[in-house]
$ cat final.pdb   # PDB, C-alpha atoms
ATOM      1  CA  MET A 266      71.494  83.905  53.497
ATOM      2  CA  VAL A 267      71.099  85.245  57.015
ATOM      3  CA  PRO A 268      74.087  87.401  58.016
ATOM      4  CA  GLN A 269      75.985  86.088  61.009
ATOM      5  CA  PRO A 270      76.411  88.434  63.986
ATOM      6  CA  THR A 271      79.883  89.909  64.346
ATOM      7  CA  PRO A 272      81.592  88.407  67.417
ATOM      8  CA  GLU A 273      82.009  90.952  70.173
ATOM      9  CA  LYS A 274      85.592  92.003  70.777
ATOM     10  CA  ARG A 275      87.246  91.287  74.089
ATOM     11  CA  ARG A 276      88.050  94.372  76.152
ATOM     12  CA  ALA A 277      91.340  95.207  77.876
ATOM     13  CA  LEU A 278      92.625  98.133  79.900
ATOM     14  CA  PHE A 279      96.274  99.007  79.237
ATOM     15  CA  VAL A 280      97.932 100.727  82.205
ATOM     16  CA  VAL A 281     101.005 102.570  80.924
ATOM     17  CA  ASN A 282     103.723 104.454  82.782
ATOM     18  CA  PRO A 283     104.587 107.218  80.262
ATOM     19  CA  ALA A 284     107.491 108.582  82.326
ATOM     20  CA  LEU A 285     109.887 105.735  81.528
ATOM     21  CA  PRO A 286     112.624 106.082  78.872
ATOM     22  CA  ARG A 287     111.234 103.034  77.045
ATOM     23  CA  THR A 288     107.609 104.195  76.914
ATOM     24  CA  GLY A 289     106.830 107.895  76.496
ATOM     25  CA  SER A 290     103.585 109.614  75.536
ATOM     26  CA  GLU A 291     103.137 107.700  72.266
ATOM     27  CA  PHE A 292     103.575 104.189  73.607
ATOM     28  CA  GLY A 293      99.930 103.731  74.530
ATOM     29  CA  GLY A 294      98.950 104.373  70.923
ATOM     30  CA  ARG A 295     101.268 101.610  69.713
ATOM     31  CA  LEU A 296      99.669  99.193  72.146
ATOM     32  CA  LEU A 297      96.196 100.130  70.908
ATOM     33  CA  GLU A 298      97.199  99.531  67.279
ATOM     34  CA  LEU A 299      98.550  96.083  68.084
ATOM     35  CA  ALA A 300      95.493  95.211  70.175
ATOM     36  CA  GLU A 301      93.203  96.179  67.290
ATOM     37  CA  LYS A 302      95.122  93.869  64.937
ATOM     38  CA  LEU A 303      94.728  91.027  67.428
ATOM     39  CA  GLY A 304      90.972  91.553  67.710
ATOM     40  CA  TRP A 305      90.808  93.373  71.041
ATOM     41  CA  GLU A 306      89.087  96.597  72.022
ATOM     42  CA  ALA A 307      91.393  98.423  74.401
ATOM     43  CA  MET A 308      91.704 101.632  76.394
ATOM     44  CA  VAL A 309      94.838 103.262  77.826
ATOM     45  CA  LEU A 310      95.225 104.631  81.335
ATOM     46  CA  GLU A 311      98.476 106.521  81.947
ATOM     47  CA  THR A 312      99.836 106.456  85.477
ATOM     48  CA  SER A 313     101.161 109.426  87.421
ATOM     49  CA  SER A 314     102.597 109.952  90.879
ATOM     50  CA  GLY A 315      99.881 109.364  93.419
ATOM     51  CA  LEU A 316      97.046 106.910  94.001
ATOM     52  CA  ASN A 317      97.403 104.723  90.934
ATOM     53  CA  VAL A 318      95.835 101.596  92.435
ATOM     54  CA  GLU A 319      92.646 103.504  93.178
ATOM     55  CA  ALA A 320      92.652 105.092  89.709
ATOM     56  CA  ILE A 321      93.129 101.716  88.026
ATOM     57  CA  GLY A 322      90.347 100.200  90.098
ATOM     58  CA  ALA A 323      87.996 103.060  89.210
ATOM     59  CA  ALA A 324      88.791 102.682  85.493
ATOM     60  CA  LEU A 325      88.159  98.930  85.657
ATOM     61  CA  ALA A 326      84.815  99.530  87.358
ATOM     62  CA  ARG A 327      83.558 101.833  84.579
ATOM     63  CA  ARG A 328      83.580  99.157  81.843
ATOM     64  CA  ASP A 329      83.310  95.406  81.517
ATOM     65  CA  PHE A 330      87.008  94.624  80.984
ATOM     66  CA  GLU A 331      88.215  91.041  80.726
ATOM     67  CA  LEU A 332      91.943  91.796  81.135
ATOM     68  CA  VAL A 333      94.151  94.525  82.580
ATOM     69  CA  LEU A 334      97.667  94.869  81.216
ATOM     70  CA  ALA A 335     100.605  96.603  82.910
ATOM     71  CA  ALA A 336     103.104  98.328  80.603
ATOM     72  CA  GLY A 337     105.931  99.713  82.696
ATOM     73  CA  GLY A 338     108.415  98.749  85.369
ATOM     74  CA  ASP A 339     107.948  96.657  88.483
ATOM     75  CA  GLY A 340     106.258  99.560  90.284
ATOM     76  CA  THR A 341     103.548  99.729  87.625
ATOM     77  CA  VAL A 342     103.237  95.940  87.629
ATOM     78  CA  ALA A 343     102.753  95.940  91.420
ATOM     79  CA  GLU A 344     100.036  98.607  91.178
ATOM     80  CA  VAL A 345      98.196  96.673  88.493
ATOM     81  CA  MET A 346      98.569  93.434  90.477
ATOM     82  CA  ALA A 347      96.916  95.116  93.464
ATOM     83  CA  ALA A 348      94.037  96.474  91.376
ATOM     84  CA  ALA A 349      93.609  93.158  89.523
ATOM     85  CA  HIS A 350      93.464  91.332  92.862
ATOM     86  CA  GLN A 351      90.840  93.726  94.207
ATOM     87  CA  ARG A 352      88.690  93.429  91.068
ATOM     88  CA  GLY A 353      89.264  89.690  90.566
ATOM     89  CA  LEU A 354      90.602  90.167  87.021
ATOM     90  CA  PRO A 355      93.482  88.452  85.188
ATOM     91  CA  MET A 356      96.399  90.602  84.043
ATOM     92  CA  GLY A 357      99.182  90.695  81.482
ATOM     93  CA  ILE A 358     102.655  92.246  81.704
ATOM     94  CA  VAL A 359     104.646  94.258  79.158
ATOM     95  CA  PRO A 360     108.027  94.907  80.838
ATOM     96  CA  ARG A 361     109.412  98.407  80.144
ATOM     97  CA  GLY A 362     111.252  99.366  83.342
ATOM     98  CA  THR A 363     114.725  98.993  84.828
ATOM     99  CA  GLY A 364     114.455  95.661  86.636
ATOM    100  CA  ASN A 365     111.328  93.969  85.193
ATOM    101  CA  ILE A 366     111.781  91.308  87.849
ATOM    102  CA  VAL A 367     108.197  89.998  87.904
ATOM    103  CA  ALA A 368     108.282  89.451  84.143
ATOM    104  CA  ARG A 369     111.669  87.756  84.350
ATOM    105  CA  GLU A 370     110.567  85.515  87.229
ATOM    106  CA  LEU A 371     107.628  84.386  85.071
ATOM    107  CA  GLY A 372     109.737  83.918  81.927
ATOM    108  CA  LEU A 373     107.875  86.553  79.908
ATOM    109  CA  PRO A 374     109.310  88.099  76.712
ATOM    110  CA  ALA A 375     111.416  91.239  77.118
ATOM    111  CA  GLY A 376     110.242  92.899  73.882
ATOM    112  CA  TRP A 377     107.029  94.903  74.125
ATOM    113  CA  ARG A 378     105.457  93.534  70.952
ATOM    114  CA  ARG A 379     106.027  89.873  71.818
ATOM    115  CA  ALA A 380     104.943  90.428  75.419
ATOM    116  CA  THR A 381     101.704  92.127  74.315
ATOM    117  CA  GLN A 382     100.960  89.408  71.760
ATOM    118  CA  ARG A 383     101.572  86.736  74.357
ATOM    119  CA  ALA A 384      99.185  88.351  76.849
ATOM    120  CA  LEU A 385      96.388  88.866  74.321
ATOM    121  CA  GLU A 386      96.782  85.613  72.402
ATOM    122  CA  ARG A 387      97.198  83.290  75.395
ATOM    123  CA  PHE A 388      94.252  84.781  77.307
ATOM    124  CA  PRO A 389      92.373  83.318  79.186
ATOM    125  CA  ALA A 390      95.116  80.841  80.200
ATOM    126  CA  THR A 391      96.713  82.188  83.385
ATOM    127  CA  ARG A 392      99.147  81.319  86.142
ATOM    128  CA  ALA A 393      98.366  82.096  89.794
ATOM    129  CA  VAL A 394     101.069  84.095  91.580
ATOM    130  CA  ASP A 395     101.319  85.423  95.110
ATOM    131  CA  LEU A 396     100.773  88.979  96.293
ATOM    132  CA  VAL A 397     101.778  90.542  99.605
ATOM    133  CA  ARG A 398      99.787  92.975 101.740
ATOM    134  CA  VAL A 399     102.302  95.479 103.126
ATOM    135  CA  ASN A 400     101.191  98.126 105.608
ATOM    136  CA  ASP A 401      98.336  99.918 103.789
ATOM    137  CA  GLY A 402      99.167  98.621 100.301
ATOM    138  CA  TYR A 403     100.509  95.681  98.333
ATOM    139  CA  SER A 404     103.868  94.345  97.160
ATOM    140  CA  ALA A 405     104.688  92.085  94.238
ATOM    141  CA  LEU A 406     108.442  91.727  94.835
ATOM    142  CA  ALA A 407     109.974  92.733  98.130
ATOM    143  CA  ALA A 408     109.732  95.228 100.954
ATOM    144  CA  GLY A 409     112.503  96.057 103.338
ATOM    145  CA  ILE A 410     113.754  98.312 106.067
ATOM    146  CA  GLY A 411     117.332  99.593 106.296
ATOM    147  CA  PHE A 412     120.081  99.360 103.689
ATOM    148  CA  ASP A 413     117.930  98.421 100.682
ATOM    149  CA  ALA A 414     115.803 101.554 101.068
ATOM    150  CA  THR A 415     118.988 103.636 101.133
ATOM    151  CA  VAL A 416     120.092 102.041  97.860
ATOM    152  CA  MET A 417     116.690 102.675  96.231
ATOM    153  CA  ARG A 418     116.686 106.268  97.430
ATOM    154  CA  HIS A 419     120.213 107.108  96.266
ATOM    155  CA  THR A 420     120.614 105.197  92.984
ATOM    156  CA  PRO A 421     120.979 108.017  90.397
ATOM    157  CA  PRO A 422     118.495 107.986  87.485
ATOM    158  CA  ALA A 423     121.411 108.295  85.043
ATOM    159  CA  LEU A 424     122.944 105.105  86.468
ATOM    160  CA  LYS A 425     119.649 103.259  85.939
ATOM    161  CA  TYR A 426     119.409 104.627  82.394
ATOM    162  CA  TRP A 427     122.885 103.442  81.380
ATOM    163  CA  PHE A 428     123.189 100.215  83.382
ATOM    164  CA  GLY A 429     119.578  99.124  83.793
ATOM    165  CA  ARG A 430     118.937  96.604  86.579
ATOM    166  CA  ALA A 431     122.676  96.327  87.322
ATOM    167  CA  ALA A 432     122.561  99.944  88.598
ATOM    168  CA  TYR A 433     121.142  98.787  91.921
ATOM    169  CA  LEU A 434     123.972  96.299  92.358
ATOM    170  CA  LEU A 435     126.548  99.007  91.653
ATOM    171  CA  ALA A 436     124.874 101.406  94.089
ATOM    172  CA  GLY A 437     124.567  98.631  96.662
ATOM    173  CA  ALA A 438     128.254  97.798  96.425
ATOM    174  CA  TRP A 439     129.025 101.488  97.044
ATOM    175  CA  TRP A 440     126.701 101.865 100.050
ATOM    176  CA  LEU A 441     127.245  98.481 101.733
ATOM    177  CA  PRO A 442     130.518  99.388 103.531
ATOM    178  CA  ARG A 443     128.797 102.525 104.902
ATOM    179  CA  ALA A 444     125.453 101.006 105.917
ATOM    180  CA  PRO A 445     124.779 101.226 109.677
ATOM    181  CA  LEU A 446     123.366  98.444 111.843
ATOM    182  CA  PHE A 447     120.028  99.103 113.548
ATOM    183  CA  GLU A 448     118.048  97.328 116.246
ATOM    184  CA  CYS A 449     114.724  95.728 115.366
ATOM    185  CA  THR A 450     112.085  93.285 116.554
ATOM    186  CA  ILE A 451     110.791  90.702 114.093
ATOM    187  CA  ARG A 452     107.508  88.873 114.802
ATOM    188  CA  ALA A 453     107.022  86.078 112.256
ATOM    189  CA  ASP A 454     103.868  83.946 112.555
ATOM    190  CA  GLY A 455     103.684  84.965 116.221
ATOM    191  CA  GLU A 456     107.321  84.129 117.047
ATOM    192  CA  GLU A 457     109.345  87.157 118.193
ATOM    193  CA  THR A 458     113.069  87.747 117.660
ATOM    194  CA  ARG A 459     115.180  90.774 118.571
ATOM    195  CA  LEU A 460     118.394  91.465 116.711
ATOM    196  CA  THR A 461     120.553  94.032 114.958
ATOM    197  CA  ALA A 462     120.683  94.135 111.177
ATOM    198  CA  VAL A 463     121.869  96.117 108.193
ATOM    199  CA  VAL A 464     118.637  95.276 106.377
ATOM    200  CA  VAL A 465     115.548  93.120 106.913
ATOM    201  CA  LEU A 466     113.632  92.105 103.785
ATOM    202  CA  VAL A 467     110.247  90.510 103.196
ATOM    203  CA  VAL A 468     110.585  88.820  99.807
ATOM    204  CA  ASN A 469     107.966  87.434  97.414
ATOM    205  CA  ALA A 470     110.143  87.074  94.279
ATOM    206  CA  GLY A 471     113.754  85.991  94.619
ATOM    207  CA  MET A 472     115.650  87.848  91.883
ATOM    208  CA  LEU A 473     117.949  90.592  93.176
ATOM    209  CA  GLY A 474     118.434  93.110  90.384
ATOM    210  CA  ALA A 475     120.211  90.866  87.896
ATOM    211  CA  ALA A 476     120.819  87.153  87.405
ATOM    212  CA  PRO A 477     122.396  85.149  88.925
ATOM    213  CA  PHE A 478     121.947  87.228  92.080
ATOM    214  CA  ARG A 479     118.983  86.299  94.288
ATOM    215  CA  PHE A 480     118.049  87.402  97.803
ATOM    216  CA  ALA A 481     118.387  83.850  99.105
ATOM    217  CA  PRO A 482     117.767  80.284  97.920
ATOM    218  CA  ASN A 483     114.400  78.630  97.312
ATOM    219  CA  ILE A 484     112.273  81.751  96.873
ATOM    220  CA  ALA A 485     109.395  81.536  94.405
ATOM    221  CA  ILE A 486     106.659  83.986  93.452
ATOM    222  CA  ASP A 487     104.023  81.237  93.599
ATOM    223  CA  ASP A 488     104.992  79.123  96.637
ATOM    224  CA  GLY A 489     102.487  80.679  99.059
ATOM    225  CA  TRP A 490     105.171  81.883 101.481
ATOM    226  CA  LEU A 491     106.974  85.054 102.458
ATOM    227  CA  ASP A 492     110.734  84.791 102.807
ATOM    228  CA  ILE A 493     112.246  86.887 105.586
ATOM    229  CA  CYS A 494     115.868  87.644 104.741
ATOM    230  CA  VAL A 495     118.041  89.307 107.371
ATOM    231  CA  TYR A 496     121.534  90.559 106.580
ATOM    232  CA  ARG A 497     123.579  91.505 109.641
ATOM    233  CA  PRO A 498     127.297  91.647 108.783
ATOM    234  CA  ARG A 499     129.322  93.784 111.191
ATOM    235  CA  THR A 500     132.804  93.987 109.674
ATOM    236  CA  GLY A 501     133.965  94.742 106.168
ATOM    237  CA  ARG A 502     135.034  91.119 105.812
ATOM    238  CA  GLU A 503     131.596  89.870 106.855
ATOM    239  CA  ARG A 504     129.933  92.274 104.400
ATOM    240  CA  ALA A 505     132.060  90.950 101.568
ATOM    241  CA  GLY A 506     131.127  87.462 102.725
ATOM    242  CA  VAL A 507     127.418  88.273 102.484
ATOM    243  CA  LEU A 508     127.863  89.293  98.851
ATOM    244  CA  TRP A 509     129.621  85.979  98.211
ATOM    245  CA  ARG A 510     126.835  84.028  99.948
ATOM    246  CA  ILE A 511     124.178  85.867  97.930
ATOM    247  CA  PHE A 512     126.045  84.850  94.785
ATOM    248  CA  ARG A 513     126.292  81.225  95.966
ATOM    249  CA  GLN A 514     122.706  81.153  97.315
ATOM    250  CA  ARG A 515     123.685  80.041 100.806
ATOM    251  CA  ALA A 516     122.581  81.593 104.100
ATOM    252  CA  ASP A 517     125.052  80.987 106.952
ATOM    253  CA  GLY A 518     122.671  81.403 109.909
ATOM    254  CA  ALA A 519     124.751  84.240 111.385
ATOM    255  CA  SER A 520     125.415  87.235 109.136
ATOM    256  CA  MET A 521     122.735  86.080 106.645
ATOM    257  CA  LEU A 522     119.481  84.588 107.949
ATOM    258  CA  GLN A 523     116.418  83.290 106.134
ATOM    259  CA  ARG A 524     113.073  81.854 107.209
ATOM    260  CA  LYS A 525     109.625  81.409 105.698
ATOM    261  CA  ALA A 526     106.411  82.771 107.199
ATOM    262  CA  ARG A 527     102.834  83.680 106.337
ATOM    263  CA  SER A 528     102.905  87.021 108.139
ATOM    264  CA  VAL A 529     105.564  89.230 109.669
ATOM    265  CA  GLU A 530     105.957  92.518 111.529
ATOM    266  CA  ILE A 531     109.305  94.323 111.601
ATOM    267  CA  LYS A 532     109.615  97.142 114.102
ATOM    268  CA  ALA A 533     112.582  99.462 114.702
ATOM    269  CA  PRO A 534     112.817 101.776 117.744
ATOM    270  CA  ASP A 535     113.756 104.736 115.534
ATOM    271  CA  VAL A 536     112.372 105.973 112.221
ATOM    272  CA  GLN A 537     114.107 104.270 109.302
ATOM    273  CA  TRP A 538     113.928 104.467 105.546
ATOM    274  CA  HIS A 539     111.931 101.547 104.215
ATOM    275  CA  GLU A 540     110.848 100.558 100.719
ATOM    276  CA  VAL A 541     108.048  98.637  99.046
ATOM    277  CA  ASP A 542     108.851  97.468  95.497
ATOM    278  CA  GLY A 543     111.331 100.317  95.129
ATOM    279  CA  GLU A 544     109.101 103.097  96.504
ATOM    280  CA  VAL A 545     110.813 104.665  99.527
ATOM    281  CA  TYR A 546     109.011 105.812 102.703
ATOM    282  CA  ARG A 547     109.808 106.966 106.228
ATOM    283  CA  GLY A 548     108.627 104.936 109.201
ATOM    284  CA  ASN A 549     109.647 102.344 111.759
ATOM    285  CA  VAL A 550     107.104  99.534 111.197
ATOM    286  CA  LEU A 551     106.712  97.140 108.276
ATOM    287  CA  ARG A 552     103.829  94.648 108.373
ATOM    288  CA  ALA A 553     103.356  92.029 105.663
ATOM    289  CA  GLU A 554     101.014  89.113 104.982
ATOM    290  CA  ILE A 555     101.047  86.715 102.033
ATOM    291  CA  VAL A 556      98.043  86.452  99.700
ATOM    292  CA  PRO A 557      98.630  83.022  98.126
ATOM    293  CA  GLY A 558      97.657  82.922  94.453
ATOM    294  CA  GLY A 559      96.232  86.424  94.774
ATOM    295  CA  VAL A 560      96.721  87.359  91.102
ATOM    296  CA  ARG A 561      96.222  85.470  87.838
ATOM    297  CA  VAL A 562      98.827  86.425  85.229
ATOM    298  CA  VAL A 563      98.740  85.461  81.562
ATOM    299  CA  ALA A 564     102.108  83.747  81.283
TER     300      ALA A 564
END

$ encode --input "final.pdb" --output "structure tokens"
Amino acid sequence: MVPQPTPEKRRALFVVNPALPRTGSEFGGRLLELAEKLGWEAMVLETSSGLNVEAIGAALARRDFELVLAAGGDGTVAEVMAAAHQRGLPMGIVPRGTGNIVARELGLPAGWRRATQRALERFPATRAVDLVRVNDGYSALAAGIGFDATVMRHTPPALKYWFGRAAYLLAGAWWLPRAPLFECTIRADGEETRLTAVVVLVVNAGMLGAAPFRFAPNIAIDDGWLDICVYRPRTGRERAGVLWRIFRQRADGASMLQRKARSVEIKAPDVQWHEVDGEVYRGNVLRAEIVPGGVRVVA
């Protein structure tokens, strides 16, 4: 009897953020053990502060991988989404961070074992989701200038450890009465508007920290549109009203504005804090453009 050739294993790159409380230095090994049981050959790349998108892309170029999997928080997921888009590869998600908003928007399992099994067993079935080019990089969730960057910058790590995704809501409630208004110019699909705001957001996924809170109504990660959300309450009463409208998913056209666009530029006359998927920067310009269906996610 002629022996049958052993089928070649599929190859995956696991991108792991080892600095998170729910991962650590041994987490990559657990992923490799599970992958082996499921018939995959896998390698682990641990992220660090710096140019992770470039490092992931270089690792993907060295071998013939069929899948890249992000194991970490939304920052890690966004980096892997950018690299997967550039290499034209599908990706999986194992949520291990504070918010895990991308995974929750896609209805993925919260547990690492079930999420890994789902990604490896359902491959190659994928769902196309949008990606956003922001300044010199990419965003999976949201980028903003003003108040949101202040919240991201000042939310204590201990608060995130104990309260998880709700930590940002607690920090936001603390900072909202103190947040200053700033002047800005918004150019959306060529149409220019000048206004004052507490924060201007460019949103790809609608969930705001924790359900049922969302940035605004009718935002989807796969609709092919950016959502520009402007919050401009002046008084304490108006700021409380914005929180109520966020809860009820209703923009009022005055203190809370929303519109859809394919591209947008937000420019402030003075340097402001701004953030991209939770990473905080200094600058006064935020440029964004939608990449419809830019990433294929095993979901």

$ closest_residue --input "final.pdb" --among "A:Val359, A:Met472, A:Arg418, A:Trp490" --to "Asp454 of chain A" --atoms "only C-alpha atoms"
A:Trp490

$ residues_around --input "final.pdb" --residues "Leu296 of chain A" --least-positions-apart "2" --cutoff "9 Å" --atoms "only C-alpha atoms" --output "list in words"
Phe279, Phe292, Gly293, Gly294, Glu298, Leu299, Ala300, Glu301, Ala307, Val309, Trp377, Arg378 and Thr381 of chain A

$ resolve_selection --input "final.pdb" --expression "the PyMOL selection byres ((chain A and resi 386) around 10)" --output "JSON, numbers by chain"
{"A": [300, 303, 304, 305, 380, 381, 382, 383, 384, 385, 387, 388, 389, 390, 563]}

$ resolve_selection --input "final.pdb" --expression "the PyMOL selection byres ((chain A and resi 320) around 12)" --output "ChimeraX atom specification"
/A:280,310-319,321-327,344-345,347-349

$ closest_residue --input "final.pdb" --among "A:Arg497, A:Lys274, A:Arg547, A:Arg479" --to "Ile366 of chain A" --atoms "only C-alpha atoms"
A:Arg479

$ closest_residue --input "final.pdb" --among "A:Glu291, A:Ala414, A:Asp487, A:Gly364" --to "Val397 of chain A" --atoms "all atoms listed in the file"
A:Asp487

$ residues_around --input "final.pdb" --residues "Val464 of chain A" --least-positions-apart "5" --cutoff "8 Å" --atoms "only C-alpha atoms" --output "VMD selection string"
chain A and resid 409 to 413 446 495 to 497

$ atom_distance --input "final.pdb" --atom1 "atom CA of Gly471 of chain A" --atom2 "atom CA of Val367 of chain A"
9.6 Å

$ decode --input "final.pdb" --residues "segment 451-473 of chain A" --atoms "C-alpha atoms" --output "PDB file, in the first residue's frame"
ATOM      1  CA  ILE A 451     -13.704  70.600   9.503  1.00  0.00           C
ATOM      2  CA  ARG A 452     -13.476  69.750   5.782  1.00  0.00           C
ATOM      3  CA  ALA A 453     -15.643  66.706   5.027  1.00  0.00           C
ATOM      4  CA  ASP A 454     -15.750  65.466   1.416  1.00  0.00           C
ATOM      5  CA  GLY A 455     -14.697  68.960   0.323  1.00  0.00           C
ATOM      6  CA  GLU A 456     -17.325  70.827   2.376  1.00  0.00           C
ATOM      7  CA  GLU A 457     -15.820  73.170   4.989  1.00  0.00           C
ATOM      8  CA  THR A 458     -17.326  74.095   8.361  1.00  0.00           C
ATOM      9  CA  ARG A 459     -15.874  76.252  11.134  1.00  0.00           C
ATOM     10  CA  LEU A 460     -17.056  75.803  14.694  1.00  0.00           C
ATOM     11  CA  THR A 461     -16.087  75.445  18.334  1.00  0.00           C
ATOM     12  CA  ALA A 462     -16.167  72.043  19.991  1.00  0.00           C
ATOM     13  CA  VAL A 463     -15.203  70.104  23.082  1.00  0.00           C
ATOM     14  CA  VAL A 464     -14.233  67.148  20.898  1.00  0.00           C
ATOM     15  CA  VAL A 465     -14.390  66.144  17.231  1.00  0.00           C
ATOM     16  CA  LEU A 466     -14.303  62.410  16.496  1.00  0.00           C
ATOM     17  CA  VAL A 467     -13.856  60.381  13.328  1.00  0.00           C
ATOM     18  CA  VAL A 468     -15.551  57.065  14.095  1.00  0.00           C
ATOM     19  CA  ASN A 469     -15.384  53.688  12.341  1.00  0.00           C
ATOM     20  CA  ALA A 470     -16.933  51.505  15.085  1.00  0.00           C
ATOM     21  CA  GLY A 471     -19.769  52.869  17.188  1.00  0.00           C
ATOM     22  CA  MET A 472     -19.285  51.380  20.664  1.00  0.00           C
ATOM     23  CA  LEU A 473     -18.161  53.898  23.288  1.00  0.00           C
TER      24      LEU A 473
END
